Amino acid sequence: MTDTNYPHLLAPLDLGFITLKNRVLMGSMHTGLEDGNKHERLAVYFAERARGEVGLIVTGGYAPNRAGWVKPFAGKMTTRGEAARHRRITDAVHAEDGKIAMQILHAGRYAYHPLAVAPSRIRSPISPFTPRELSSSGVEKQIKAFVRCAQLAREAGYDGVEIMGSEGYFINEFLVTHTNHRTDQWGGDYSQRMRLPVEIVERTREAVGSDFIIIYRLSMIDLIPDGNTWDETVALAKAVEGAGATIINTGIGWHEARVPTIATSVPRGAFTWVTKKMKREVNIPLITSNRINLPATAEQILADGCADMVSMARPMLADSEFVKKAREGRADEINVCIACNQACLDHTFSNKMSSCLVNPRACHEIELNYVATKTRRRFAVVGSGPAGLSAALVLAERGHEVDLYESAAEIGGQLNMAKVIPGKEEFHEMLRYFKRQLELKNVRVHLNTRAGADDLNTEGFDGVVIATGVVARDPNIEGQDHPKVLSYIDVLRKQVPVGKRVAIVGAGGIGFDVAEFLLHEGHSPTMDLEEWLAEWGVVDPARARGGIALERTKPESSRRELTLLQRKAGKHGANLGKTTGWIHRATLKMNDVRMIGNVNYERIGDEGLLITYGEKHEDPTWLDVDNIILCAGQLPLRELKEPLAAAGIPTHVIGGADVATELDAKRAIDQGSRLAARL
Ligand code: NAP
Ligand code: SF4
């Protein structure tokens with residue numbers, strides 16, 4: 001195959017003193033490997049991505065001083081000793097013919113520690129620590145720290161640095177009046193507020209010489225009130241170009257913005273139009289980013305003239321061979337990032353090591369390897385949800401013979417319900433990947449086949465992996481055999497018609513999914529960029545500061561009246577993803593879904609659902625609804641275990657069949673893959 005598959009994406013980028021082999025930037029991502037001395041793991045992790053042919057890698061953020069730490073003892077680059085230790089990383093990447101830049105990240109008021117500093121003493125909504133306001137000389141010290149950090153990065157063998165000027169961190173905080181109330185030379189009118197980044201870039205260029213990449217990550221749309229106007233953003237981009245930046249990368253939204261920017265419900269390439277606006281303003285290459293996860297999408301963005309390069313961060317966690325597979329005409333083999341955040345960002349924000357839901361090897365490249373088996377054995381995997389699929393694929397990859405049994409007519413299990421939820425379309429990609437890999441790895445798939453213990457016994461397998469999933473929990477509500485009552489499976493899988501007024505029993509992940517499914521009735525704002533932008537109040541930053549509309553367009557009111565119920569008191573959806581739960585709650589609120597907690601389900605009848613409140617069962621209220629949908633969680637289904645064990649066949653129970661209460665694809669895939677790596 002030639003590079004004609006993706007001619008724009010795979011074209012080299014000549015930066016004058018260095019040439020990148022293609023237009024793919026592995027965007028900066030904090031994985032947790034940056035903290036402490038995990039250089040060996042980082043070296044292996046990045047080398048694998050360099051081998052996968054990514055054009056330029058950017059590391060996770062390293063602080064230029066302690067004040068700039070994101071959290072205590074986060075990665076920093078402040079000494080020659082630290083620089084020397086990074087040699088391992090840069091050498092490993094260069095040995096694979098890759099290029100790598102180090103991101104310099106000063107957290108400013110987002111820092112999660114008491115040493116935080118900022119232009120003004122204004123606490124952020126995402127850290128409990130109020131920053132110290134820097135004196136004028138304190139600002140000078142920070143600039144010097146940036147410059148020294150870049151020099152050390154060069155000494156460490158990096159091909160360049162990325163100066164993090166977006167997402168609401170330190171540099172960004174000087175730019176807007178939202179966070180900069182200074183009256184000295186670093187505050188006041190815009191020419192003074194933008195002085196800090198310009199000085200940093202200019203002095204860094206002087207210090208590192210002309211043959212070193214400086215990427216400046218510029219907030220092109222702040223998505224906060226009092227954010228920059230478009231004219232201000234353009235002025236900054238031109239000044240940063242003049243100060244010696246090699247490339248400008250696009251930052252979208254501050255972390256405190258109440259607009260989703262990378263979640264799975266954000267349309268693919270939703271913000272590339274912002275970078276395109278900037279293309280006419282500067283002459284240096286521009287990188288665009290956010291929700292770009294397929295080579296075809298990236299190619300189209302470049303072909304449309306939106307940017308010169310495309311940043312993909314999470315897609316490189318999902319598949320280290322993304323670029324190589326695209327170049328070789330094997331795009332259908334790419335394990336696609338579904339933008340769930342569950343194993344990457346949610347882990348980072350919970351102080352856990354990042355990985356990837358669809359690729360548990362991400363950041364675990366040293367200890368989790370699918371080594372070819374010395375003894376080929378025969379395995380049956382029963383159930384083709386995410387747990388069974390992962391186990392089957394890893395077993396086959398290692399050289400075992402695998403039969404996969406599925407009682408339904410298609411593979412995927414619960415994934416087939418997820419894929420019909422508006423905003424969760426990426427699950428189609430996950431299923432596409434699994435299907436293709438089953439073919440490539442010669443797994444024998446038996447659809448419409450409910451494998452019984454006797455059949456499995458007769459076949460003489462060396463082992464059986466039980467991944468039979470879950471059954472819906474029965475909430476035992478009086479009168480629940482009433483025709484008004486449906487289960488989430490009736491709604492999502494069997495597409496049984498649902499009335500106008502609906503009560504949903506259970507406000508976990510599936511209760512929320514059912515609510516979103518019913519609200520949008522098959523129409524997904526994720527598939528309609530204009531509608532999605534209007535729903536979240538995003539406008540051209542030339543029309544409103546920060547690109548946020550003063551008045552949000554209320555979504556067209558749903559034809560349904562939904563009530564989402566739970567027995568516990570407290571926030572609905574409290575166990576949803578750390579970085580995405582708020583989006584689900586906001587979506588339901590925008591659509592006037594009623595959320596009621598602390599209830600008891602007393603009875604179902606022709607009148608609807610009778611609830612009472614609290615331990616004393618007070619205030620009986622009939623919810624006059626057309627349908628009651630049960631989303632009360634699940635119980636494990638593992639009836640094969642005992643008979644197989646009695647027949648002396650080794651069994652392994654994984655996924656929802658093992659633990660139903662934590663039913664989720666992340667645990668299922670991780671468990672299936674790790675089990676299969678051992679067998
Ligand atoms: P879940 O998250 O465990 O929620 C079950 C809900 O049912 C809870 O609201 C619970 O709240 C209620 N419930 C439990 N026992 C009940 C009973 N006997 N009678 C009535 N109500 C009862 O389960 P799920 O919603 O089925 O989701 C399963 C898993 O799938 C989740 O753990 C999640 O990881 C994953 N998932 C996630 C998402 C997402 O993140 N968007 C989407 C889909 C699925 P009360 O006990 O307070 O009533
Ligand atoms: Fe993408 Fe989810 Fe993997 Fe993160 S965990 S890289 S969002 S698929």
# chains A, B, ... in the order shown; residues from 1 in each chain; ligands from 1
>>> closest_atom_pairs(of="stretch 308-342 of chain A", to="stretch 259-279 of chain A", cutoff="12 Å", atoms="only C-alpha atoms", output="tab-separated table")
residue	atom	partner	partner_atom	distance
A:Asp308	CA	A:Lys279	CA	8.9
A:Met309	CA	A:Thr275	CA	10.6
A:Val310	CA	A:Thr272	CA	9.5
A:Ser311	CA	A:Gly269	CA	10.8
A:Met312	CA	A:Gly269	CA	10.8
A:Ala313	CA	A:Ile262	CA	10.7
A:Arg314	CA	A:Ile262	CA	9.9
A:Pro315	CA	A:Ile262	CA	11.9
A:Val336	CA	A:Thr264	CA	11.9
A:Cys337	CA	A:Thr264	CA	9.2
A:Ile338	CA	A:Thr264	CA	6.3
A:Ala339	CA	A:Thr264	CA	4.5
A:Cys340	CA	A:Thr264	CA	5.6
A:Asn341	CA	A:Ala263	CA	7.1
A:Gln342	CA	A:Ala263	CA	10.2
>>> select_by_dssp(residues="stretch 318-479 of chain A", states="alpha helix (DSSP H)", output="ChimeraX atom specification")
/A:318,322-327,345-348,386-397,415-418,427-440,453-459
>>> atom_distance(atom1="atom CA of A:Ala387", atom2="atom 3 (O, counted along the ligand's line) of ligand 1")
17.9 Å
>>> residues_around(residues="A:Ile466", least_positions_apart="6", cutoff="12 Å", atoms="only C-alpha atoms", output="ChimeraX atom specification")
/A:379-385,387-389,391-392,404-406,451-453,456,636-642,644-645,649-658,668,671-672,675
>>> closest_residue(among="A:Lys616, A:Arg667, A:Lys419, A:Lys571", to="ligand 2", atoms="only C-alpha atoms and all ligand atoms")
A:Arg667
>>> residues_near_ligand(ligand="ligand 1", cutoff="7 Å", atoms="only C-alpha atoms and all ligand atoms", output="list in words")
Ala418, Arg473, Asp474, Pro475, Asn476, Val505, Gly506, Ala507, Gly508, Gly509, Ile510, Gly511, Phe512, Asp513, Gln566, Arg567, Lys568, Asn575, Leu576, Gly577, Cys631, Ala632, Gly633, Gln634, Thr661, Glu662, Leu663 and Asp664 of chain A
>>> closest_residue(among="A:Glu429, A:Asp403, A:Glu199, A:Glu206", to="ligand 2", atoms="only C-alpha atoms and all ligand atoms")
A:Glu429
>>> select_by_dssp(residues="stretch 247-386 of chain A", states="strand (DSSP E)", output="ChimeraX atom specification")
/A:247-252,286-288,309-311,378-382
>>> write_last_selection(atoms="all heavy atoms", output="tab-separated table (two decimals), in the first residue's frame")
chain	number	residue	atom	x	y	z
A	247	ILE	N	5.15	26.21	15.76
A	247	ILE	CA	3.81	25.70	15.45
A	247	ILE	C	2.85	26.23	16.52
A	247	ILE	O	3.25	26.38	17.68
A	247	ILE	CB	3.78	24.14	15.54
A	247	ILE	CG1	4.89	23.50	14.70
A	247	ILE	CG2	2.42	23.58	15.14
A	247	ILE	CD1	4.98	21.97	14.84
A	248	ILE	N	1.62	26.46	16.14
A	248	ILE	CA	0.59	26.76	17.16
A	248	ILE	C	-0.39	25.61	17.21
A	248	ILE	O	-0.91	25.17	16.18
A	248	ILE	CB	-0.14	28.09	16.85
A	248	ILE	CG1	0.85	29.27	17.00
A	248	ILE	CG2	-1.34	28.28	17.77
A	248	ILE	CD1	0.26	30.64	16.66
A	249	ASN	N	-0.60	25.11	18.41
A	249	ASN	CA	-1.57	24.03	18.62
A	249	ASN	C	-2.86	24.64	19.18
A	249	ASN	O	-2.82	25.69	19.84
A	249	ASN	CB	-0.97	23.02	19.61
A	249	ASN	CG	-1.78	21.72	19.69
A	249	ASN	OD1	-2.76	21.54	18.98
A	249	ASN	ND2	-1.36	20.83	20.57
A	250	THR	N	-3.96	23.99	18.92
A	250	THR	CA	-5.26	24.54	19.34
A	250	THR	C	-5.68	24.02	20.71
A	250	THR	O	-5.72	22.80	20.92
A	250	THR	CB	-6.34	24.11	18.31
A	250	THR	OG1	-5.94	24.55	17.02
A	250	THR	CG2	-7.70	24.69	18.66
A	251	GLY	N	-6.01	24.92	21.60
A	251	GLY	CA	-6.62	24.54	22.88
A	251	GLY	C	-8.09	24.91	22.81
A	251	GLY	O	-8.45	25.97	22.28
A	252	ILE	N	-8.94	24.04	23.33
A	252	ILE	CA	-10.39	24.29	23.29
A	252	ILE	C	-10.94	24.27	24.71
A	252	ILE	O	-10.96	23.23	25.37
A	252	ILE	CB	-11.11	23.21	22.46
A	252	ILE	CG1	-10.59	23.15	21.01
A	252	ILE	CG2	-12.63	23.40	22.50
A	252	ILE	CD1	-10.95	24.32	20.13
A	286	LEU	N	-0.45	25.20	11.84
A	286	LEU	CA	-1.43	25.11	12.93
A	286	LEU	C	-1.85	23.65	13.12
A	286	LEU	O	-1.99	22.90	12.16
A	286	LEU	CB	-2.69	25.91	12.59
A	286	LEU	CG	-2.58	27.43	12.56
A	286	LEU	CD1	-3.95	28.04	12.31
A	286	LEU	CD2	-2.03	27.94	13.90
A	287	ILE	N	-2.06	23.31	14.37
A	287	ILE	CA	-2.54	21.98	14.70
A	287	ILE	C	-3.97	22.12	15.22
A	287	ILE	O	-4.25	23.01	16.02
A	287	ILE	CB	-1.67	21.33	15.81
A	287	ILE	CG1	-0.20	21.32	15.41
A	287	ILE	CG2	-2.15	19.91	16.12
A	287	ILE	CD1	0.75	20.90	16.52
A	288	THR	N	-4.84	21.25	14.76
A	288	THR	CA	-6.19	21.27	15.31
A	288	THR	C	-6.41	20.03	16.16
A	288	THR	O	-5.64	19.07	16.08
A	288	THR	CB	-7.26	21.38	14.19
A	288	THR	OG1	-8.50	21.73	14.78
A	288	THR	CG2	-7.41	20.07	13.41
A	309	MET	N	-1.83	20.13	10.72
A	309	MET	CA	-1.56	18.91	11.45
A	309	MET	C	-2.75	18.61	12.34
A	309	MET	O	-3.50	19.52	12.69
A	309	MET	CB	-0.35	19.16	12.38
A	309	MET	CG	0.80	18.24	12.18
A	309	MET	SD	2.15	18.58	13.28
A	309	MET	CE	2.61	16.91	13.62
A	310	VAL	N	-2.88	17.34	12.73
A	310	VAL	CA	-4.00	16.95	13.57
A	310	VAL	C	-3.47	16.34	14.86
A	310	VAL	O	-2.61	15.47	14.81
A	310	VAL	CB	-4.89	15.93	12.82
A	310	VAL	CG1	-5.88	15.28	13.75
A	310	VAL	CG2	-5.63	16.63	11.69
A	311	SER	N	-3.98	16.82	15.97
A	311	SER	CA	-3.57	16.24	17.25
A	311	SER	C	-4.55	15.15	17.65
A	311	SER	O	-5.76	15.36	17.65
A	311	SER	CB	-3.56	17.34	18.32
A	311	SER	OG	-3.40	16.75	19.59
A	378	ARG	N	-7.21	-25.68	23.45
A	378	ARG	CA	-8.54	-25.31	22.92
A	378	ARG	C	-9.38	-24.69	24.02
A	378	ARG	O	-9.57	-25.30	25.07
A	378	ARG	CB	-9.27	-26.56	22.42
A	378	ARG	CG	-8.95	-26.94	21.00
A	378	ARG	CD	-9.98	-27.95	20.52
A	378	ARG	NE	-11.25	-27.32	20.17
A	378	ARG	CZ	-12.42	-27.94	20.17
A	378	ARG	NH1	-12.49	-29.20	20.53
A	378	ARG	NH2	-13.52	-27.31	19.83
A	379	PHE	N	-9.90	-23.49	23.75
A	379	PHE	CA	-10.74	-22.82	24.73
A	379	PHE	C	-12.11	-22.51	24.14
A	379	PHE	O	-12.21	-22.17	22.95
A	379	PHE	CB	-10.11	-21.50	25.18
A	379	PHE	CG	-8.94	-21.69	26.11
A	379	PHE	CD1	-7.64	-21.70	25.62
A	379	PHE	CD2	-9.15	-21.89	27.47
A	379	PHE	CE1	-6.57	-21.87	26.48
A	379	PHE	CE2	-8.08	-22.07	28.33
A	379	PHE	CZ	-6.78	-22.07	27.84
A	380	ALA	N	-13.12	-22.61	24.99
A	380	ALA	CA	-14.43	-22.08	24.62
A	380	ALA	C	-14.62	-20.80	25.42
A	380	ALA	O	-14.29	-20.74	26.60
A	380	ALA	CB	-15.52	-23.08	25.00
A	381	VAL	N	-15.13	-19.78	24.75
A	381	VAL	CA	-15.52	-18.56	25.46
A	381	VAL	C	-17.02	-18.45	25.27
A	381	VAL	O	-17.52	-18.47	24.13
A	381	VAL	CB	-14.80	-17.32	24.88
A	381	VAL	CG1	-15.28	-16.06	25.58
A	381	VAL	CG2	-13.29	-17.46	24.99
A	382	VAL	N	-17.74	-18.37	26.38
A	382	VAL	CA	-19.20	-18.33	26.27
A	382	VAL	C	-19.67	-16.91	26.61
A	382	VAL	O	-19.49	-16.44	27.73
A	382	VAL	CB	-19.86	-19.35	27.22
A	382	VAL	CG1	-21.36	-19.42	26.94
A	382	VAL	CG2	-19.23	-20.72	27.05
>>> residues_around(residues="A:Ser135", least_positions_apart="2", cutoff="12 Å", atoms="only C-alpha atoms", output="number ranges by chain")
A: 117-121, 132-133, 137-142, 182-187
>>> closest_residue(among="A:Leu223, A:Val358, A:Leu438, A:Ala239", to="A:Ala549", atoms="only C-alpha atoms")
A:Leu223
>>> residues_around(residues="A:Glu561", least_positions_apart="6", cutoff="7 Å", atoms="only C-alpha atoms", output="list in words")
Lys500, Arg501, Val502 and Val593 of chain A
>>> write_last_selection(atoms="C-alpha atoms", output="mmCIF file, in the first residue's frame")
data_model
loop_
_atom_site.group_PDB
_atom_site.id
_atom_site.type_symbol
_atom_site.label_atom_id
_atom_site.label_comp_id
_atom_site.auth_asym_id
_atom_site.auth_seq_id
_atom_site.Cartn_x
_atom_site.Cartn_y
_atom_site.Cartn_z
ATOM 1 C CA LYS A 500 -45.373 10.272 26.488
ATOM 2 C CA ARG A 501 -45.161 10.292 30.265
ATOM 3 C CA VAL A 502 -42.528 7.962 31.671
ATOM 4 C CA VAL A 593 -36.218 15.689 33.227
#
>>> residues_around(residues="A:Asn65", least_positions_apart="5", cutoff="7 Å", atoms="only C-alpha atoms", output="list in words")
Lys76, Thr78 and Ala145 of chain A
>>> closest_residue(among="A:Met194, A:Val394, A:Leu623, A:Leu679", to="A:Val464", atoms="only C-alpha atoms")
A:Leu679
>>> closest_residue(among="A:Met26, A:Leu415, A:Val70, A:Leu440", to="A:Asp319", atoms="only C-alpha atoms")
A:Met26
>>> closest_residue(among="A:Pro114, A:Pro131, A:Pro360, A:Gly75", to="ligand 2", atoms="only C-alpha atoms and all ligand atoms")
A:Pro360
>>> atom_distance(atom1="atom CA of A:Asn627", atom2="atom CA of A:Ala515")
12.5 Å
>>> residues_around(residues="A:Met417", least_positions_apart="5", cutoff="9 Å", atoms="only C-alpha atoms", output="MDAnalysis selection string")
chainID A and resid 412 489 492:493
>>> write_last_selection(atoms="all heavy atoms", output="PDB file, in the first residue's frame")
ATOM      1  N   GLY A 412     -21.554  -8.817  20.855  1.00  0.00           N
ATOM      2  CA  GLY A 412     -21.536  -7.494  21.501  1.00  0.00           C
ATOM      3  C   GLY A 412     -22.229  -7.410  22.843  1.00  0.00           C
ATOM      4  O   GLY A 412     -21.919  -6.537  23.644  1.00  0.00           O
ATOM      5  N   ILE A 489     -34.322  -3.444  28.610  1.00  0.00           N
ATOM      6  CA  ILE A 489     -34.025  -4.295  27.443  1.00  0.00           C
ATOM      7  C   ILE A 489     -35.160  -4.181  26.414  1.00  0.00           C
ATOM      8  O   ILE A 489     -34.921  -4.094  25.217  1.00  0.00           O
ATOM      9  CB  ILE A 489     -33.826  -5.761  27.890  1.00  0.00           C
ATOM     10  CG1 ILE A 489     -32.663  -5.800  28.872  1.00  0.00           C
ATOM     11  CG2 ILE A 489     -33.577  -6.692  26.705  1.00  0.00           C
ATOM     12  CD1 ILE A 489     -32.533  -7.077  29.667  1.00  0.00           C
ATOM     13  N   LEU A 492     -34.417  -0.606  24.819  1.00  0.00           N
ATOM     14  CA  LEU A 492     -33.196  -0.387  24.043  1.00  0.00           C
ATOM     15  C   LEU A 492     -32.951  -1.472  22.998  1.00  0.00           C
ATOM     16  O   LEU A 492     -32.447  -1.197  21.921  1.00  0.00           O
ATOM     17  CB  LEU A 492     -31.981  -0.296  24.977  1.00  0.00           C
ATOM     18  CG  LEU A 492     -32.021   0.832  26.009  1.00  0.00           C
ATOM     19  CD1 LEU A 492     -30.766   0.815  26.868  1.00  0.00           C
ATOM     20  CD2 LEU A 492     -32.149   2.191  25.324  1.00  0.00           C
ATOM     21  N   ARG A 493     -33.299  -2.712  23.338  1.00  0.00           N
ATOM     22  CA  ARG A 493     -32.989  -3.802  22.392  1.00  0.00           C
ATOM     23  C   ARG A 493     -34.162  -4.157  21.527  1.00  0.00           C
ATOM     24  O   ARG A 493     -34.029  -4.327  20.331  1.00  0.00           O
ATOM     25  CB  ARG A 493     -32.550  -5.037  23.169  1.00  0.00           C
ATOM     26  CG  ARG A 493     -31.067  -5.095  23.194  1.00  0.00           C
ATOM     27  CD  ARG A 493     -30.455  -6.402  23.213  1.00  0.00           C
ATOM     28  NE  ARG A 493     -29.723  -6.732  22.021  1.00  0.00           N
ATOM     29  CZ  ARG A 493     -28.725  -7.572  22.019  1.00  0.00           C
ATOM     30  NH1 ARG A 493     -28.325  -8.116  23.148  1.00  0.00           N
ATOM     31  NH2 ARG A 493     -28.113  -7.888  20.904  1.00  0.00           N
TER      32      ARG A 493
END
>>> atom_distance(atom1="atom CA of A:Arg432", atom2="atom 8 (S, counted along the ligand's line) of ligand 2")
14.0 Å
